[in-house]
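*Asks:* Let me give you the structure first, and then I'll get to my questions.
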Amino acid sequence: MSKTDQVNILILDDQPSRLLSYEPCLTELGENLIKTASVTEAISTLLKSEVAAVLIGITPPARDGIELAEMVSRHGCFEKTAIIFISDGSMKDSELVQKFDNDATVYVKTPIDPKALCGKVKSLVALHRKKSTSDKLKSDFDRRVDERTDELLKSQAKLKMRARLLDIATEAIIVRDLNGLISFWNSGAEKTYGWTREEALGRKIHQLLQTTFPVPFDEIEKQLRERGVWHGRLTQSRKNGHRIVLDCRKTMNEENDAVLEVNRDITSEIKAEEVLRATEKLAAMGRVAGIIAHEINNPLAAITNIFYLLRNHPQLGDEPRALVERAEQELERVSHITRQTLSFYREAKQPILVFVPEILDDVLELQNRLLRENKITVRRKYYSAAPVTGFPAELRQVFLNLVGNAIQAMPDGGVLGVSVRETTDWTRNLRGTMISITDTGVGIQPEDASQLFQPFFSTKSTKGTGLGLWISQGIVQKYEGRITCRTVRGTGGNVTSFRVFLPGIGAFERAHHVEGETAGHEYHVPAAH
Ligand SMILES: Nc1ncnc2c1ncn2[C@@H]1O[C@H](COP(=O)(O)OP(=O)(O)O)[C@@H](O)[C@H]1O
Ligand SMILES: [Mg+2]
């Protein structure tokens with residue numbers, strides 16, 4: 001038997017000769033024998049180590065052994081310890097039996113039959129082992145139950161927290177099975193679609209929401225099965241019948257028997273983007289109208305003068321004069337159309353004080369969705385809050401385009417820097433504000449640089465109008481400002497920056513004599529909202 005498997009057997013006997021006589025037969029058991037000659041020694045052993053059985057030699061009138069037996073049998077911590085009394089019969093068995101009436105107490109009479117003693121000790125040790133094993137099993141079991149309860153409590157708390165998180169999410173979070181039956185519907189879904197949880201649970205998702213898919217439904221299901229995820233745009237109905245556009249992410253669960261959907265209503269963002277695009281086109285038309293009107297006005301004035309002289313020419317007969325008069329009337333119509341076109345695009349209100357950082361914050365807010373989707377980090381550095389005079393809608397147009405271009409240049413993410421600081425344009429000795437829009441995107445090719453501000457120059461095929469920078473330049477020039485750009489190519493990547501210089505307060509008025517009728521090239525950019 002290995003040392004670790006041995007149990008302790010304690011022997012207390014004040015008669016050394018008797019002690020010696022037990023030993024050979026007990027040694028055969030292969031357990032660990034601890035021999036003590038006094039109660040104190042025996043107790044100290046009992047307290048230090050676990051003992052399977054105590055052999056107590058009883059020699060009247062000494063009652064040491066009985067004292068020890070009493071302690072062992074009374075004390076709860078020795079409940080697994082068996083007692084074997086060895087007596088010469090001079091103490092009445094009945095007295096001992098009365099005192100220690102249990103199945104872990106045995107009496108052996110001297111002279112000792114070694115085999116019988118050995119057999120008794122053996123069976124008591126086996127009993128002890130059995131008890132120890134079952135105790136160990138029980139305590140293992142208790143420990144496992146405790147651990148499991150702990151785990152369950154923890155996971156319940158986790159689940160509760162997750163459920164709370166799912167409910168504070170503004171996105172619609174929905175779980176449905178492979179037949180489309182809804183099994184989870186968070187409060188974001190309630191808000192997005194107008195259907196309450198009770199109304200939605202158990203319904204078929206695409207019937208309830210009347211989903212229109214961008215690609216055949218089978219393709220989406222196939223991609224979900226094969227890759228486990230799908231991302232795209234859906235059109236769905238709210239409870240009130242309004243159609244909404246949603247950015248949708250679907251994920252298959254681990255067991256492949258349910259689909260988790262996270263849907264975000266992007267209807268208003270898309271509308272805002274459409275308005276932005278329309279605004280860009282309108283602004284372009286404004287600039288074109290301004291240019292045409294300007295170009296037409298001068299020759300028109302010359303022709304009008306010539307016709308006036310012609311009509312009053314003394315050699316002109318009645319018939320040609322009538323024709324000239326008709327031509328003059330048509331000319332008047334042309335002038336009227338030019339004036340009308342101009343007034344349509346003309347900014348109606350007076351310019352106001354504009355705080356550039358506020359405009360930039362507006363622009364970044366408008367572009368927030370694209371910034372997030374393209375994983376772009378925004379770094380704002382507003383060192384100046386000095387206002388400029390002008391029209392907020394026009395300036396917003398300029399920065400929307402510059403920020404929009406920067407985002408489009410970083411389809412795989414990057415850093416967008418937006419800074420504002422006061423500066424002086426030394427060439428004209430003008431104080432003003434410098435706004436930099438910097439990106440870490442694809443950069444500008446040297447061969448494109450000279451054409452960037454030309455109308456219709458775009459490297460974005462169908463996605464670009466090629467009008468943004470052209471319009472921006474027109475607006476900035478109107479403010480007597482400047483717009484420049486450059487790309488620095490480094491080992492860490494490209495850094496492209498567009499810089500807009502706007503002169504300080506008063507520049508706009510100086511350039512445009514706002515009180516009076518303005519020159520023919522003025523144009524108006526309609527507000528983005
Ligand atoms: N931040 C930028 N990084 C790289 N290229 C740019 C950037 N901004 C503008 N460009 C280039 O200038 C072109 C013209 O821009 P723009 O006039 O705004 O028209 P659009 O954006 O519709 O193409 C773009 O197509 C692009 O090639
Ligand atoms: Mg653009």
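Going through the structure tokens in order, the chains are called A, B, and so on, while each chain numbers its residues from 1 and the ligands are numbered from 1 in the order shown.
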Taking only C-alpha atoms and all ligand atoms into account, list the residues no farther than 6 Å from ligand 1, as a PyMOL selection string.
*Replies:* chain A and resi 401+405-406+409+442-444+452+457-460+464-470+496
*Asks:* Let me see the file: selected residues, C-alpha atoms, as an mmCIF file, in the first residue's frame.
*Replies:*
```
data_model
loop_
_atom_site.group_PDB
_atom_site.id
_atom_site.type_symbol
_atom_site.label_atom_id
_atom_site.label_comp_id
_atom_site.auth_asym_id
_atom_site.auth_seq_id
_atom_site.Cartn_x
_atom_site.Cartn_y
_atom_site.Cartn_z
ATOM 1 C CA ASN A 401 -18.442 68.673 -50.429
ATOM 2 C CA ASN A 405 -14.859 63.956 -50.915
ATOM 3 C CA ALA A 406 -12.564 63.073 -48.009
ATOM 4 C CA ALA A 409 -11.374 58.940 -50.631
ATOM 5 C CA VAL A 442 -6.280 57.550 -51.862
ATOM 6 C CA GLY A 443 -4.756 60.963 -52.577
ATOM 7 C CA ILE A 444 -4.857 63.122 -55.692
ATOM 8 C CA LEU A 452 -9.980 69.267 -59.910
ATOM 9 C CA PHE A 457 -14.167 66.616 -63.625
ATOM 10 C CA SER A 458 -14.661 63.496 -61.528
ATOM 11 C CA THR A 459 -12.785 60.244 -61.071
ATOM 12 C CA LYS A 460 -15.838 58.590 -59.500
ATOM 13 C CA GLY A 464 -19.639 61.681 -58.847
ATOM 14 C CA THR A 465 -21.043 64.794 -60.473
ATOM 15 C CA GLY A 466 -17.699 66.529 -60.813
ATOM 16 C CA LEU A 467 -19.421 69.715 -59.686
ATOM 17 C CA GLY A 468 -18.600 69.817 -55.966
ATOM 18 C CA LEU A 469 -15.198 71.470 -56.089
ATOM 19 C CA TRP A 470 -16.228 73.722 -58.915
ATOM 20 C CA THR A 496 -4.539 64.997 -48.698
#
```
*Asks:* Name the residues in contact with Val334 of chain A at a cut-off of 12 Å, using only C-alpha atoms, excluding same-chain residues fewer than 6 positions from it; report them as number ranges by chain.
*Replies:* A: 293, 296-297, 299-301, 303-304, 327-328, 340-341
*Asks:* Just want the 8 Å neighbourhood of Leu234 of chain A, counted on only C-alpha atoms, with same-chain residues fewer than 6 positions away dropped. Output as a VMD selection string.
*Replies:* chain A and resid 211 to 214 245 to 248
*Asks:* Which residue out of A:Arg129, A:Arg311, A:Lys271, A:Arg176 has the minimum interatomic distance to Ile205 of chain A when only C-alpha atoms are used?
*Replies:*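 Smallest separation from Ile205 of chain A among the options: A:Arg176.
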*Asks:* Could you name the residues that touch Ile34 of chain A at 12 Å or less, counting only C-alpha atoms, but leaving out those on the same chain fewer than 4 positions away, as a list in words?
*Replies:*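 Neighbouring residues, sequence-local ones excluded: Val7, Asn8, Ile9, Leu10, Ile11, Leu12, Asp13, Leu19, Glu23, Leu26, Thr27, Glu41, Ala42, Ile43, Ser44, Thr45, Leu46, Ser49, Glu50, Val51, Ala52, Ala53, Val54 and Leu55 of chain A.
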*Asks:* Run DSSP on the backbone and grab whatever in segment 219-277 of chain A lands in strand (DSSP E or B); send it over as a list in words.
*Replies:*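 Matching residues, listed in order: Val229, Trp230, His231, Gly232, Arg233, Leu234, Thr235, Gln236, Ser237, Arg243, Ile244, Val245, Leu246, Asp247, Cys248, Arg249, Lys250, Thr251, Met252, Ala258, Val259, Leu260, Glu261, Val262, Asn263, Arg264 and Asp265 of chain A.
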*Asks:* Any idea what's packed within 6 Å of segment 106-111 of chain A, counting only C-alpha atoms, ignoring anything in its chain fewer than 3 positions away? Could you give it as a PyMOL selection string?
*Replies:* chain A and resi 84-88
*Asks:* Give the answer as one residue: which of A:Leu430, A:Val215, A:Ile407, A:Ile475 has the shortest atom-to-atom distance to ligand 2, using only C-alpha atoms and all ligand atoms?
*Replies:*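 Answer, going by the shortest atom-to-atom distance: A:Ile407.
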*Asks:* Using only C-alpha atoms, can you tell me which of A:Glu261, A:Asp146, A:Glu199, A:Glu280 comes closest to Asp177 of chain A?
*Replies:*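 Using only C-alpha atoms, the shortest distance to Asp177 of chain A belongs to A:Glu261.
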*Asks:* With a distance cut-off of 9 Å and only C-alpha atoms, select the neighbouring residues of Ser73 of chain A, excluding the residue or stretch itself and same-chain residues fewer than 4 positions from it, and output the selection as a list in words.
*Replies:*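 Skipping anything fewer than 4 positions along the chain leaves Leu68, Ala69, Phe78, Glu79, Thr81, Ala82, Ile83 and Phe100 of chain A.
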*Asks:* Do you have the atom CA of Ala200 of chain A-atom CA of Ser237 of chain A distance handy?
*Replies:*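 Atom CA of Ser237 of chain A lies at a distance of 13.3 Å from atom CA of Ala200 of chain A.
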*Asks:* Which residues come within 12 Å of segment 159-164 of chain A, counting only C-alpha atoms, excluding same-chain residues fewer than 3 positions away, as an mmCIF file with N, CA and C atoms, in the first residue's frame?
*Replies:*
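And here is the file that came out, selection_7.cif:
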```
data_model
loop_
_atom_site.group_PDB
_atom_site.id
_atom_site.type_symbol
_atom_site.label_atom_id
_atom_site.label_comp_id
_atom_site.auth_asym_id
_atom_site.auth_seq_id
_atom_site.Cartn_x
_atom_site.Cartn_y
_atom_site.Cartn_z
ATOM 1 N N GLU A 151 -22.393 29.647 -10.926
ATOM 2 C CA GLU A 151 -22.330 29.889 -12.375
ATOM 3 C C GLU A 151 -23.690 30.321 -12.903
ATOM 4 N N LEU A 152 -24.726 29.586 -12.449
ATOM 5 C CA LEU A 152 -26.078 29.899 -12.924
ATOM 6 C C LEU A 152 -26.476 31.320 -12.551
ATOM 7 N N LEU A 153 -26.157 31.671 -11.281
ATOM 8 C CA LEU A 153 -26.504 33.024 -10.824
ATOM 9 C C LEU A 153 -25.783 34.056 -11.670
ATOM 10 N N LYS A 154 -24.463 33.750 -11.910
ATOM 11 C CA LYS A 154 -23.675 34.693 -12.707
ATOM 12 C C LYS A 154 -24.246 34.814 -14.107
ATOM 13 N N SER A 155 -24.557 33.647 -14.735
ATOM 14 C CA SER A 155 -25.032 33.717 -16.121
ATOM 15 C C SER A 155 -26.424 34.339 -16.186
ATOM 16 N N GLN A 156 -27.210 34.137 -15.102
ATOM 17 C CA GLN A 156 -28.516 34.801 -15.075
ATOM 18 C C GLN A 156 -28.340 36.319 -15.035
ATOM 19 N N ASP A 167 -32.358 46.094 -24.866
ATOM 20 C CA ASP A 167 -33.508 46.969 -24.847
ATOM 21 C C ASP A 167 -33.154 48.439 -24.922
ATOM 22 N N ILE A 168 -31.914 48.789 -24.513
ATOM 23 C CA ILE A 168 -31.599 50.212 -24.652
ATOM 24 C C ILE A 168 -31.019 50.527 -26.032
ATOM 25 N N ALA A 169 -30.732 49.471 -26.817
ATOM 26 C CA ALA A 169 -30.223 49.716 -28.173
ATOM 27 C C ALA A 169 -31.327 50.378 -28.995
ATOM 28 N N ILE A 173 -33.631 44.888 -32.827
ATOM 29 C CA ILE A 173 -32.940 43.600 -32.717
ATOM 30 C C ILE A 173 -34.008 42.506 -32.695
ATOM 31 N N PHE A 184 -37.841 36.919 -30.804
ATOM 32 C CA PHE A 184 -37.328 37.994 -29.945
ATOM 33 C C PHE A 184 -37.541 39.323 -30.660
ATOM 34 N N TRP A 185 -37.952 40.329 -29.897
ATOM 35 C CA TRP A 185 -38.316 41.630 -30.478
ATOM 36 C C TRP A 185 -37.996 42.667 -29.413
ATOM 37 N N ASN A 186 -36.916 43.442 -29.567
ATOM 38 C CA ASN A 186 -36.541 44.367 -28.479
ATOM 39 C C ASN A 186 -37.323 45.674 -28.582
ATOM 40 N N SER A 187 -37.090 46.582 -27.624
ATOM 41 C CA SER A 187 -37.894 47.810 -27.664
ATOM 42 C C SER A 187 -37.464 48.699 -28.831
ATOM 43 N N GLY A 188 -36.183 48.529 -29.305
ATOM 44 C CA GLY A 188 -35.768 49.254 -30.515
ATOM 45 C C GLY A 188 -36.646 48.850 -31.700
#
```
